[in-house]
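S.K.: Got a file for you: target-v5.cif, mmCIF, C-alpha atoms and all ligand atoms.
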data_run
#
loop_
_atom_site.label_atom_id
_atom_site.label_comp_id
_atom_site.auth_asym_id
_atom_site.auth_seq_id
_atom_site.Cartn_x
_atom_site.Cartn_y
_atom_site.Cartn_z
CA MET A 1 0.00 0.00 0.00
CA LYS A 2 1.21 3.51 -0.79
CA GLY A 3 1.27 6.39 1.64
CA ARG A 4 3.14 9.44 2.82
CA ILE A 5 5.06 9.91 6.05
CA VAL A 6 3.38 12.69 8.02
CA LYS A 7 5.39 12.43 11.23
CA GLY A 8 8.38 10.59 12.66
CA ILE A 9 9.03 10.07 16.37
CA ALA A 10 11.70 7.90 17.94
CA GLY A 11 11.95 5.34 15.18
CA PHE A 12 8.23 5.26 14.42
CA TYR A 13 6.88 6.74 11.21
CA TYR A 14 3.27 7.70 10.84
CA VAL A 15 2.12 6.96 7.31
CA ASN A 16 -1.05 8.42 5.87
CA THR A 17 -2.51 6.16 3.21
CA GLY A 18 -5.38 8.42 2.21
CA SER A 19 -8.39 9.96 3.89
CA GLU A 20 -8.07 9.40 7.62
CA SER A 21 -5.96 6.25 7.77
CA VAL A 22 -2.62 6.58 9.50
CA TYR A 23 -0.41 3.56 10.19
CA GLU A 24 2.34 3.51 12.78
CA CYS A 25 5.30 2.00 10.97
CA LYS A 26 8.85 0.90 11.54
CA ALA A 27 11.44 1.02 8.81
CA LYS A 28 13.87 -1.69 9.76
CA GLY A 29 14.18 -3.32 6.37
CA ILE A 30 14.92 -0.02 4.65
CA PHE A 31 17.82 0.77 6.96
CA ARG A 32 19.34 -2.62 6.36
CA LYS A 33 18.73 -2.79 2.63
CA ASP A 34 19.27 0.78 1.40
CA ASN A 35 20.86 2.48 4.41
CA ILE A 36 18.49 5.38 4.02
CA LYS A 37 16.59 7.17 6.75
CA PRO A 38 12.96 7.99 6.03
CA LEU A 39 11.98 11.66 6.13
CA VAL A 40 8.70 13.35 6.87
CA GLY A 41 7.16 13.98 3.47
CA ASP A 42 8.49 10.76 1.93
CA ASP A 43 6.22 8.76 -0.33
CA VAL A 44 6.50 5.15 0.78
CA ASP A 45 5.25 1.63 0.24
CA ILE A 46 4.11 -0.10 3.41
CA GLU A 47 3.00 -3.56 4.34
CA ILE A 48 0.35 -3.73 7.00
CA ILE A 49 1.19 -5.81 10.04
CA ASP A 50 -1.99 -5.39 12.04
CA GLU A 51 -4.95 -3.64 10.47
CA GLU A 52 -6.81 -3.34 13.77
CA ALA A 53 -3.88 -1.87 15.67
CA GLY A 54 -2.94 0.28 12.67
CA THR A 55 0.66 -0.88 12.52
CA GLY A 56 2.85 -1.55 9.53
CA ASN A 57 6.30 -1.69 8.07
CA ILE A 58 7.84 0.62 5.50
CA THR A 59 9.17 -1.51 2.68
CA LYS A 60 10.24 1.13 0.20
CA ILE A 61 10.96 4.84 0.01
CA LEU A 62 9.90 6.16 -3.38
CA PRO A 63 12.25 8.52 -5.24
CA ARG A 64 12.46 11.98 -3.65
CA ARG A 65 11.90 15.17 -5.57
CA ASN A 66 14.15 16.91 -3.06
CA GLU A 67 15.26 16.70 0.54
CA LEU A 68 16.34 19.17 3.17
CA ILE A 69 18.73 18.44 5.99
CA ARG A 70 17.66 21.27 8.25
CA PRO A 71 14.79 20.82 8.86
CA PRO A 72 14.80 17.19 7.69
CA VAL A 73 11.89 16.91 5.27
CA ALA A 74 11.36 15.62 1.73
CA ASN A 75 9.28 16.45 -1.31
CA VAL A 76 8.40 20.08 -0.69
CA ASP A 77 7.66 22.76 -3.29
CA GLN A 78 8.80 25.77 -1.31
CA ALA A 79 9.98 27.02 2.05
CA VAL A 80 8.38 29.68 4.20
CA VAL A 81 11.28 31.05 6.20
CA LEU A 82 9.55 32.47 9.23
CA PHE A 83 11.22 34.91 11.60
CA ALA A 84 9.72 37.32 14.12
CA ILE A 85 10.26 41.06 13.65
CA VAL A 86 10.80 41.18 17.43
CA LYS A 87 10.59 38.67 20.28
CA PRO A 88 12.84 37.02 19.32
CA ASP A 89 14.80 39.62 17.32
CA PRO A 90 15.92 38.18 14.01
CA ASN A 91 19.43 36.82 13.81
CA TYR A 92 20.59 37.98 10.37
CA ASN A 93 23.38 35.48 10.24
CA VAL A 94 21.01 32.56 10.68
CA LEU A 95 18.43 34.06 8.32
CA ASP A 96 20.96 34.59 5.54
CA LYS A 97 22.42 31.13 5.97
CA PHE A 98 18.95 29.75 5.74
CA LEU A 99 18.33 31.57 2.48
CA ILE A 100 21.63 30.29 1.12
CA GLN A 101 20.80 26.73 2.07
CA MET A 102 17.37 26.92 0.46
CA ARG A 103 18.80 28.40 -2.73
CA ARG A 104 21.40 25.66 -2.77
CA ASN A 105 18.58 23.13 -2.54
CA GLY A 106 16.82 24.88 -5.40
CA LEU A 107 13.78 25.61 -3.25
CA PRO A 108 11.75 28.76 -3.81
CA VAL A 109 11.56 30.80 -0.62
CA ILE A 110 9.03 33.15 0.87
CA ILE A 111 10.45 35.24 3.69
CA CYS A 112 7.81 35.89 6.27
CA PHE A 113 8.17 38.16 9.30
CA ASN A 114 5.65 37.61 12.09
CA LYS A 115 4.48 39.58 15.16
CA GLN A 116 3.74 42.75 13.25
CA ASP A 117 1.30 43.59 16.05
CA ILE A 118 4.09 44.20 18.56
CA ALA A 119 6.73 45.70 16.22
CA SER A 120 7.39 49.34 15.44
CA LYS A 121 7.34 50.81 11.92
CA GLU A 122 11.11 51.34 12.14
CA GLU A 123 11.81 47.74 13.08
CA GLN A 124 9.77 46.61 10.09
CA GLN A 125 11.43 49.08 7.75
CA GLU A 126 14.88 47.85 8.70
CA LEU A 127 13.97 44.32 7.62
CA MET A 128 12.24 45.54 4.49
CA ASP A 129 15.33 47.54 3.48
CA ALA A 130 17.57 44.54 3.99
CA TYR A 131 15.46 41.94 2.22
CA GLU A 132 13.31 43.59 -0.45
CA LYS A 133 16.14 43.43 -2.99
CA CYS A 134 17.38 39.95 -2.27
CA GLY A 135 15.15 38.23 -4.78
CA TYR A 136 12.53 36.73 -2.50
CA GLU A 137 8.96 37.54 -1.72
CA VAL A 138 8.80 39.24 1.69
CA ILE A 139 5.55 39.16 3.64
CA PHE A 140 4.88 40.76 7.02
CA ILE A 141 2.23 39.04 9.07
CA SER A 142 0.62 38.94 12.46
CA VAL A 143 -0.73 35.52 13.29
CA HIS A 144 -2.49 36.98 16.32
CA GLU A 145 -4.24 39.80 14.48
CA GLY A 146 -4.48 38.25 11.02
CA ALA A 147 -2.55 40.88 9.08
CA GLY A 148 -0.91 39.55 5.91
CA ILE A 149 -2.36 36.07 6.32
CA ASP A 150 -4.52 36.23 3.18
CA ARG A 151 -1.54 37.24 1.11
CA LEU A 152 0.50 34.39 2.53
CA CYS A 153 -2.34 31.91 1.95
CA GLU A 154 -2.41 32.75 -1.74
CA LYS A 155 1.25 31.74 -1.92
CA LEU A 156 0.59 28.48 -0.09
CA ARG A 157 -2.47 27.37 -2.04
CA GLY A 158 -1.99 24.16 -4.01
CA LYS A 159 1.60 23.68 -2.84
CA THR A 160 3.55 21.74 -0.24
CA SER A 161 5.39 24.20 1.98
CA VAL A 162 7.76 23.72 4.86
CA VAL A 163 7.62 26.39 7.55
CA ALA A 164 11.06 26.79 9.06
CA GLY A 165 12.64 29.27 11.44
CA PRO A 166 13.95 29.82 14.95
CA SER A 167 12.11 28.74 18.06
CA GLY A 168 9.39 31.07 19.28
CA VAL A 169 8.68 32.93 16.04
CA GLY A 170 5.18 31.47 15.71
CA LYS A 171 5.48 28.55 13.29
CA SER A 172 3.01 26.37 15.18
CA SER A 173 0.78 29.37 15.85
CA LEU A 174 0.62 29.97 12.09
CA LEU A 175 -0.19 26.33 11.46
CA ASN A 176 -2.98 26.42 14.03
CA LYS A 177 -4.34 29.56 12.43
CA LEU A 178 -4.50 27.94 8.98
CA HIS A 179 -5.62 24.57 10.28
CA PRO A 180 -7.16 24.68 13.76
CA GLU A 181 -7.53 20.87 13.79
CA ALA A 182 -3.74 20.62 14.00
CA ALA A 183 -3.90 21.88 17.59
CA MET A 184 -0.12 22.16 17.75
CA GLU A 185 1.23 23.12 21.13
CA THR A 186 2.60 26.65 21.19
CA GLY A 187 4.73 28.22 23.88
CA GLU A 188 5.69 31.52 25.42
CA LEU A 189 9.22 32.58 24.63
CA SER A 190 10.12 33.01 28.30
CA ARG A 191 8.91 29.50 29.04
CA LYS A 192 10.90 28.09 26.16
CA ILE A 193 14.07 29.75 27.43
CA ALA A 194 13.38 28.59 30.95
CA ARG A 195 12.90 25.04 29.75
CA GLY A 196 15.76 25.39 27.32
CA ARG A 197 14.01 23.65 24.50
CA ASN A 198 11.61 24.03 21.64
CA THR A 199 7.91 23.61 21.98
CA THR A 200 7.72 21.65 18.73
CA ARG A 201 10.16 18.80 18.61
CA HIS A 202 9.10 16.81 15.56
CA SER A 203 8.31 17.82 12.03
CA GLU A 204 4.76 17.11 11.01
CA MET A 205 2.90 17.42 7.75
CA PHE A 206 -0.69 18.65 7.58
CA TYR A 207 -3.26 18.69 4.81
CA ILE A 208 -4.83 22.15 4.81
CA SER A 209 -8.43 21.62 3.77
CA SER A 210 -9.32 25.32 3.80
CA LEU A 211 -6.76 25.89 1.03
CA SER A 212 -7.53 22.75 -0.96
CA ASP A 213 -10.20 21.63 -3.42
CA GLU A 214 -10.61 18.77 -5.89
CA ASP A 215 -8.01 20.27 -8.24
CA GLN A 216 -5.30 21.16 -5.75
CA SER A 217 -4.03 19.98 -2.41
CA THR A 218 -2.22 22.18 0.06
CA TYR A 219 0.19 20.75 2.61
CA ILE A 220 2.17 22.52 5.30
CA PHE A 221 4.99 21.12 7.43
CA ASP A 222 5.47 22.45 10.93
CA THR A 223 9.05 21.94 12.09
CA PRO A 224 11.10 22.40 15.26
CA GLY A 225 12.88 25.74 15.64
CA PHE A 226 16.64 26.01 15.44
CA THR A 227 19.15 28.49 16.80
CA SER A 228 22.09 28.09 14.48
CA LEU A 229 22.81 26.72 11.08
CA ALA A 230 26.05 25.43 9.63
CA LEU A 231 26.54 25.76 5.91
CA LYS A 232 27.77 22.62 4.28
CA ASP A 233 28.97 21.94 0.78
CA ILE A 234 29.68 25.54 -0.08
CA THR A 235 32.97 27.42 -0.41
CA ALA A 236 33.73 31.06 0.33
CA GLU A 237 34.35 31.61 -3.38
CA GLU A 238 30.84 30.43 -4.22
CA LEU A 239 29.13 32.53 -1.58
CA ALA A 240 28.49 35.62 -3.73
CA GLN A 241 26.35 33.51 -6.10
CA TYR A 242 23.81 33.27 -3.32
CA TYR A 243 23.37 37.04 -3.13
CA PRO A 244 21.12 37.89 -6.08
CA GLU A 245 21.26 41.59 -5.27
CA PHE A 246 25.02 41.60 -6.02
CA GLU A 247 24.53 40.30 -9.53
CA PRO A 248 23.73 43.53 -11.40
CA TYR A 249 26.92 45.14 -10.05
CA GLU A 250 29.36 42.29 -10.58
CA PRO A 251 30.13 43.17 -14.22
CA SER A 252 31.63 46.41 -12.88
CA CYS A 253 34.15 44.58 -10.69
CA ARG A 254 37.67 44.91 -12.10
CA PHE A 255 38.55 41.29 -11.34
CA ARG A 256 36.66 38.30 -12.55
CA GLY A 257 35.75 36.13 -9.55
CA CYS A 258 35.95 39.22 -7.31
CA SER A 259 35.02 38.29 -3.76
CA HIS A 260 33.85 41.87 -3.08
CA ILE A 261 35.89 41.96 0.11
CA ALA A 262 39.32 43.53 -0.39
CA GLU A 263 39.68 43.94 -4.16
CA PRO A 264 39.99 47.45 -5.65
CA ASP A 265 37.38 48.73 -8.14
CA CYS A 266 34.63 46.48 -6.89
CA GLY A 267 31.18 47.13 -8.33
CA VAL A 268 29.47 45.61 -5.33
CA LYS A 269 31.31 47.82 -2.85
CA THR A 270 30.57 50.87 -4.98
CA ALA A 271 26.88 49.95 -4.94
CA LEU A 272 27.10 49.47 -1.19
CA GLU A 273 28.55 52.96 -0.71
CA ALA A 274 25.80 54.36 -2.91
CA GLY A 275 23.20 52.68 -0.70
CA GLU A 276 22.00 50.35 -3.46
CA ILE A 277 22.99 47.23 -1.55
CA SER A 278 21.93 46.71 2.04
CA ARG A 279 24.68 47.28 4.59
CA VAL A 280 23.20 44.63 6.85
CA ARG A 281 23.29 42.02 4.11
CA TYR A 282 26.79 42.97 2.98
CA ASP A 283 28.32 43.00 6.48
CA ASN A 284 26.82 39.61 7.09
CA TYR A 285 28.15 38.39 3.74
CA LYS A 286 31.64 39.28 4.97
CA ILE A 287 31.12 37.40 8.23
CA ILE A 288 29.86 34.29 6.47
CA TYR A 289 32.68 34.57 3.93
CA GLU A 290 35.24 34.52 6.73
CA GLU A 291 33.47 31.63 8.42
CA LEU A 292 33.62 29.62 5.21
CA LYS A 293 37.26 30.57 4.60
CA ASN A 294 38.20 29.27 8.03
CA MET A 295 36.32 26.03 7.65
CA LYS A 296 38.31 22.86 7.13
CA PRO A 297 38.00 21.59 3.59
CA VAL A 298 35.33 18.94 3.20
CA TYR A 299 35.04 16.26 0.57
CA ARG A 300 32.20 16.83 -1.79
N1 LIG A 401 2.54 39.15 19.56
C1 LIG A 401 2.46 38.05 18.84
N2 LIG A 401 2.82 36.88 19.36
C2 LIG A 401 2.73 35.77 18.58
C3 LIG A 401 2.28 35.82 17.25
N3 LIG A 401 2.31 34.57 16.74
C4 LIG A 401 2.76 33.76 17.72
N4 LIG A 401 3.01 34.47 18.85
C5 LIG A 401 3.47 33.96 20.15
O1 LIG A 401 4.81 33.52 20.04
C6 LIG A 401 5.05 32.45 20.96
C7 LIG A 401 5.72 31.30 20.25
O2 LIG A 401 4.82 30.74 19.30
P1 LIG A 401 4.98 29.23 18.74
O3 LIG A 401 3.94 29.09 17.69
O4 LIG A 401 5.02 28.24 19.82
O5 LIG A 401 6.44 29.33 18.08
P2 LIG A 401 7.20 28.19 17.24
O6 LIG A 401 7.89 28.92 16.12
O7 LIG A 401 6.30 27.10 16.85
O8 LIG A 401 8.31 27.68 18.27
P3 LIG A 401 9.03 26.21 18.36
O9 LIG A 401 7.96 25.18 18.27
O10 LIG A 401 9.72 26.21 19.67
O11 LIG A 401 10.00 26.17 17.21
C8 LIG A 401 3.69 32.09 21.54
O12 LIG A 401 3.60 32.68 22.83
C9 LIG A 401 2.71 32.71 20.58
O13 LIG A 401 1.49 33.06 21.19
C10 LIG A 401 1.87 37.11 16.73
O14 LIG A 401 1.43 37.27 15.58
N5 LIG A 401 1.99 38.18 17.56
MG MG A 402 6.32 25.08 17.18
ZN ZN A 403 33.53 42.93 -6.49
#
Can you present the structure in this file as structure tokens?
Ligand SMILES: Nc1nc2c(ncn2[C@@H]2O[C@H](COP(=O)(O)OP(=O)(O)OP(=O)(O)O)[C@@H](O)[C@H]2O)c(=O)[nH]1
Ligand SMILES: [Mg+2]
Ligand SMILES: [Zn+2]

M.R.:
Amino acid sequence: MKGRIVKGIAGFYYVNTGSESVYECKAKGIFRKDNIKPLVGDDVDIEIIDEEAGTGNITKILPRRNELIRPPVANVDQAVVLFAIVKPDPNYNVLDKFLIQMRRNGLPVIICFNKQDIASKEEQQELMDAYEKCGYEVIFISVHEGAGIDRLCEKLRGKTSVVAGPSGVGKSSLLNKLHPEAAMETGELSRKIARGRNTTRHSEMFYISSLSDEDQSTYIFDTPGFTSLALKDITAEELAQYYPEFEPYEPSCRFRGCSHIAEPDCGVKTALEAGEISRVRYDNYKIIYEELKNMKPVYR
């Protein structure tokens, strides 16, 4: 029987085989045979062990369209990178690394900033200035007050989207707003810090009936928050490729392969001085560049 993994907890995979049926499955054979770990979002073949108890065994993972490592999910159309404008304040380093990783995976990204209801105009403007030119859709929302949600929904309709971002930004709150049946636990930031852990600890995929009809299905993955992100499989020299706003100015760089750091006659730095490239983004580019330079070489 075919199905899709909607959740994975401690070696158990919950496989939806259509309508309401979910089987609790193990994946022993797969590990042994193919040495591959199932991901939430995987299309799988299962054999049923006990129909009454709703248990089964995953016998095959069907080919993946794509897979992400952080968060670990498969077969998604796009990522909603969710940060809060405030509480918690966005960490630009993590946000930019996230965008780089998604671009590297070839996934379209929507950047979404939540908690508009408690943010000032200036705080919003700062984010807008930094991200409006970086080639992604940017949407400001308030899950609590509903601002921006319709606009976001139009982007989600008919697609499979993974919602990813730091802990406490409102990923589960957003999911609950779009799909109250999900009833995901949400948590106060102060409580999270006190407990030192995320409220959501497993990725889970939901079918969003309010955004689906007979022609199109909408799925959203809620995922656990993260605090840092390590870039893998990318060199300092490649980094500039992941900054679309640099592209128009690169032909003006004197050197081909200019890193836009210390070279003279750099089109990107000229654009930066002229205020055409965001200072926040550029400064962070330099930091990530140095991080990548100092990384030990990895085999690819
Ligand atoms: N002011 C305000 N608070 C919000 C909004 N959306 C969510 N919150 C609050 O932010 C806190 C964290 O929300 P969660 O939905 O648990 O955050 P999360 O991103 O799922 O966090 P993890 O599961 O730990 O990754 C909760 O106290 C929410 O009530 C919003 O639009 N405005
Ligand atoms: Mg959550
Ligand atoms: Zn340059």

S.K.: Compute the set of protein, DNA and RNA residues whose minimum atom distance to ligand ZN 403 (chain A) is at most 12 Å, using all atoms listed in the file, and state it as a PDB file with C-alpha atoms, in the frame of the given file.

M.R.:
ATOM      1  CA  GLU A 237      34.350  31.610  -3.380  1.00  0.00           C
ATOM      2  CA  ALA A 240      28.490  35.620  -3.730  1.00  0.00           C
ATOM      3  CA  GLN A 241      26.350  33.510  -6.100  1.00  0.00           C
ATOM      4  CA  PHE A 246      25.020  41.600  -6.020  1.00  0.00           C
ATOM      5  CA  GLU A 247      24.530  40.300  -9.530  1.00  0.00           C
ATOM      6  CA  PRO A 248      23.730  43.530 -11.400  1.00  0.00           C
ATOM      7  CA  TYR A 249      26.920  45.140 -10.050  1.00  0.00           C
ATOM      8  CA  GLU A 250      29.360  42.290 -10.580  1.00  0.00           C
ATOM      9  CA  PRO A 251      30.130  43.170 -14.220  1.00  0.00           C
ATOM     10  CA  SER A 252      31.630  46.410 -12.880  1.00  0.00           C
ATOM     11  CA  CYS A 253      34.150  44.580 -10.690  1.00  0.00           C
ATOM     12  CA  ARG A 254      37.670  44.910 -12.100  1.00  0.00           C
ATOM     13  CA  PHE A 255      38.550  41.290 -11.340  1.00  0.00           C
ATOM     14  CA  ARG A 256      36.660  38.300 -12.550  1.00  0.00           C
ATOM     15  CA  GLY A 257      35.750  36.130  -9.550  1.00  0.00           C
ATOM     16  CA  CYS A 258      35.950  39.220  -7.310  1.00  0.00           C
ATOM     17  CA  SER A 259      35.020  38.290  -3.760  1.00  0.00           C
ATOM     18  CA  HIS A 260      33.850  41.870  -3.080  1.00  0.00           C
ATOM     19  CA  ILE A 261      35.890  41.960   0.110  1.00  0.00           C
ATOM     20  CA  ALA A 262      39.320  43.530  -0.390  1.00  0.00           C
ATOM     21  CA  GLU A 263      39.680  43.940  -4.160  1.00  0.00           C
ATOM     22  CA  PRO A 264      39.990  47.450  -5.650  1.00  0.00           C
ATOM     23  CA  ASP A 265      37.380  48.730  -8.140  1.00  0.00           C
ATOM     24  CA  CYS A 266      34.630  46.480  -6.890  1.00  0.00           C
ATOM     25  CA  GLY A 267      31.180  47.130  -8.330  1.00  0.00           C
ATOM     26  CA  VAL A 268      29.470  45.610  -5.330  1.00  0.00           C
ATOM     27  CA  LYS A 269      31.310  47.820  -2.850  1.00  0.00           C
ATOM     28  CA  THR A 270      30.570  50.870  -4.980  1.00  0.00           C
ATOM     29  CA  ALA A 271      26.880  49.950  -4.940  1.00  0.00           C
ATOM     30  CA  LEU A 272      27.100  49.470  -1.190  1.00  0.00           C
ATOM     31  CA  TYR A 282      26.790  42.970   2.980  1.00  0.00           C
TER      32      TYR A 282
END

S.K.: Counting only C-alpha atoms and all ligand atoms, which residue out of A:Val86, A:Leu99, A:Ala130, A:Leu174 sits closest to ligand MG 402 (chain A)?

M.R.: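 Looking at the shortest contact to ligand MG 402 (chain A), the residue is A:Leu174.
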
S.K.: For ligand MG 402 (chain A), return the neighbouring residues as a count of residues only (distance at most 10 Å; all atoms listed in the file).

M.R.: 28

S.K.: Under the rule that all atoms listed in the file are counted, which of A:Tyr243, A:Phe83, A:Tyr285, A:Tyr131 is the nearest residue to ligand LIG 401 (chain A)?

M.R.: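 Using all atoms listed in the file, ligand LIG 401 (chain A) sits closest to A:Phe83.
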
S.K.: Could you pull the residues within 8 Å of Phe98 of chain A, counting only C-alpha atoms, minus those fewer than 3 positions along the same chain, as an MDAnalysis selection string?

M.R.: chainID A and resid 81 94:95 101:102 229

S.K.: Quick one: pull the distance between atom CA of Gln116 of chain A and atom CA of Ala183 of chain A, Å, one decimal.

M.R.: 22.6 Å

S.K.: Might you pull out every residue within 9 Å of Ile61 of chain A, with only C-alpha atoms counted and same-chain residues fewer than 4 positions away left off, and present them as a list in words?

M.R.: Ile30, Ile36, Pro38, Asp42, Asp43, Val44 and Asp45 of chain A

S.K.: Do you have the atom O5 of ligand LIG 401 (chain A)-atom CA of Gln216 of chain A distance handy?

M.R.: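 According to the coordinates, atom O5 of ligand LIG 401 (chain A) and atom CA of Gln216 of chain A are separated by 27.8 Å.
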
S.K.: Ranking A:Ser212, A:Thr55, A:Ser19, A:Ser142 by minimum distance to ligand LIG 401 (chain A) and counting only C-alpha atoms and all ligand atoms, which one comes first?

M.R.: A:Ser142

S.K.: Could you pull the residues within 10 Å of Glu145 of chain A, counting all atoms listed in the file, minus those fewer than 3 positions along the same chain, as a tab-separated table (two decimals) with C-alpha atoms, in the coordinates of the input?

M.R.:
chain	number	residue	atom	x	y	z
A	115	LYS	CA	4.48	39.58	15.16
A	116	GLN	CA	3.74	42.75	13.25
A	117	ASP	CA	1.30	43.59	16.05
A	141	ILE	CA	2.23	39.04	9.07
A	142	SER	CA	0.62	38.94	12.46
A	148	GLY	CA	-0.91	39.55	5.91
A	149	ILE	CA	-2.36	36.07	6.32

S.K.: Any chance you could build segment 274-299 of chain A out to N, CA and C atoms and write it as an mmCIF file, in the coordinates of the input?

M.R.:
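Dumped to result-v2.cif:
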data_model
loop_
_atom_site.group_PDB
_atom_site.id
_atom_site.type_symbol
_atom_site.label_atom_id
_atom_site.label_comp_id
_atom_site.auth_asym_id
_atom_site.auth_seq_id
_atom_site.Cartn_x
_atom_site.Cartn_y
_atom_site.Cartn_z
ATOM 1 N N ALA A 274 26.881 53.542 -2.352
ATOM 2 C CA ALA A 274 25.800 54.360 -2.910
ATOM 3 C C ALA A 274 24.444 54.012 -2.291
ATOM 4 N N GLY A 275 24.443 53.051 -1.371
ATOM 5 C CA GLY A 275 23.200 52.680 -0.700
ATOM 6 C C GLY A 275 22.286 51.797 -1.535
ATOM 7 N N GLU A 276 22.833 51.201 -2.594
ATOM 8 C CA GLU A 276 22.000 50.350 -3.460
ATOM 9 C C GLU A 276 21.995 48.900 -2.990
ATOM 10 N N ILE A 277 22.948 48.562 -2.151
ATOM 11 C CA ILE A 277 22.990 47.230 -1.550
ATOM 12 C C ILE A 277 22.915 47.420 -0.049
ATOM 13 N N SER A 278 22.147 46.565 0.595
ATOM 14 C CA SER A 278 21.930 46.710 2.040
ATOM 15 C C SER A 278 23.214 46.466 2.833
ATOM 16 N N ARG A 279 23.504 47.385 3.725
ATOM 17 C CA ARG A 279 24.680 47.280 4.590
ATOM 18 C C ARG A 279 24.579 46.037 5.483
ATOM 19 N N VAL A 280 23.409 45.786 5.981
ATOM 20 C CA VAL A 280 23.200 44.630 6.850
ATOM 21 C C VAL A 280 23.554 43.331 6.116
ATOM 22 N N ARG A 281 23.039 43.229 4.895
ATOM 23 C CA ARG A 281 23.290 42.020 4.110
ATOM 24 C C ARG A 281 24.777 41.904 3.780
ATOM 25 N N TYR A 282 25.385 43.027 3.390
ATOM 26 C CA TYR A 282 26.790 42.970 2.980
ATOM 27 C C TYR A 282 27.699 42.619 4.168
ATOM 28 N N ASP A 283 27.477 43.279 5.316
ATOM 29 C CA ASP A 283 28.320 43.000 6.480
ATOM 30 C C ASP A 283 28.223 41.530 6.860
ATOM 31 N N ASN A 284 27.022 41.007 6.742
ATOM 32 C CA ASN A 284 26.820 39.610 7.090
ATOM 33 C C ASN A 284 27.456 38.685 6.044
ATOM 34 N N TYR A 285 27.456 39.125 4.800
ATOM 35 C CA TYR A 285 28.150 38.390 3.740
ATOM 36 C C TYR A 285 29.626 38.221 4.116
ATOM 37 N N LYS A 286 30.220 39.343 4.599
ATOM 38 C CA LYS A 286 31.640 39.280 4.970
ATOM 39 C C LYS A 286 31.875 38.302 6.111
ATOM 40 N N ILE A 287 30.974 38.312 7.082
ATOM 41 C CA ILE A 287 31.120 37.400 8.230
ATOM 42 C C ILE A 287 31.026 35.944 7.764
ATOM 43 N N ILE A 288 30.034 35.672 6.935
ATOM 44 C CA ILE A 288 29.860 34.290 6.470
ATOM 45 C C ILE A 288 31.041 33.888 5.580
ATOM 46 N N TYR A 289 31.517 34.836 4.783
ATOM 47 C CA TYR A 289 32.680 34.570 3.930
ATOM 48 C C TYR A 289 33.871 34.132 4.780
ATOM 49 N N GLU A 290 34.125 34.873 5.847
ATOM 50 C CA GLU A 290 35.240 34.520 6.730
ATOM 51 C C GLU A 290 35.013 33.163 7.394
ATOM 52 N N GLU A 291 33.785 32.930 7.812
ATOM 53 C CA GLU A 291 33.470 31.630 8.420
ATOM 54 C C GLU A 291 33.798 30.489 7.449
ATOM 55 N N LEU A 292 33.398 30.683 6.198
ATOM 56 C CA LEU A 292 33.620 29.620 5.210
ATOM 57 C C LEU A 292 35.111 29.475 4.900
ATOM 58 N N LYS A 293 35.820 30.605 4.853
ATOM 59 C CA LYS A 293 37.260 30.570 4.600
ATOM 60 C C LYS A 293 37.986 29.754 5.668
ATOM 61 N N ASN A 294 37.518 29.910 6.911
ATOM 62 C CA ASN A 294 38.200 29.270 8.030
ATOM 63 C C ASN A 294 37.756 27.836 8.267
ATOM 64 N N MET A 295 36.799 27.387 7.447
ATOM 65 C CA MET A 295 36.320 26.030 7.650
ATOM 66 C C MET A 295 37.320 25.043 7.052
ATOM 67 N N LYS A 296 37.440 23.891 7.692
ATOM 68 C CA LYS A 296 38.310 22.860 7.130
ATOM 69 C C LYS A 296 37.709 22.376 5.823
ATOM 70 N N PRO A 297 38.556 22.063 4.854
ATOM 71 C CA PRO A 297 38.000 21.590 3.590
ATOM 72 C C PRO A 297 37.224 20.284 3.793
ATOM 73 N N VAL A 298 36.121 20.165 3.082
ATOM 74 C CA VAL A 298 35.330 18.940 3.200
ATOM 75 C C VAL A 298 35.282 18.269 1.828
ATOM 76 N N TYR A 299 35.171 16.981 1.847
ATOM 77 C CA TYR A 299 35.040 16.260 0.570
ATOM 78 C C TYR A 299 33.628 16.432 0.058
#
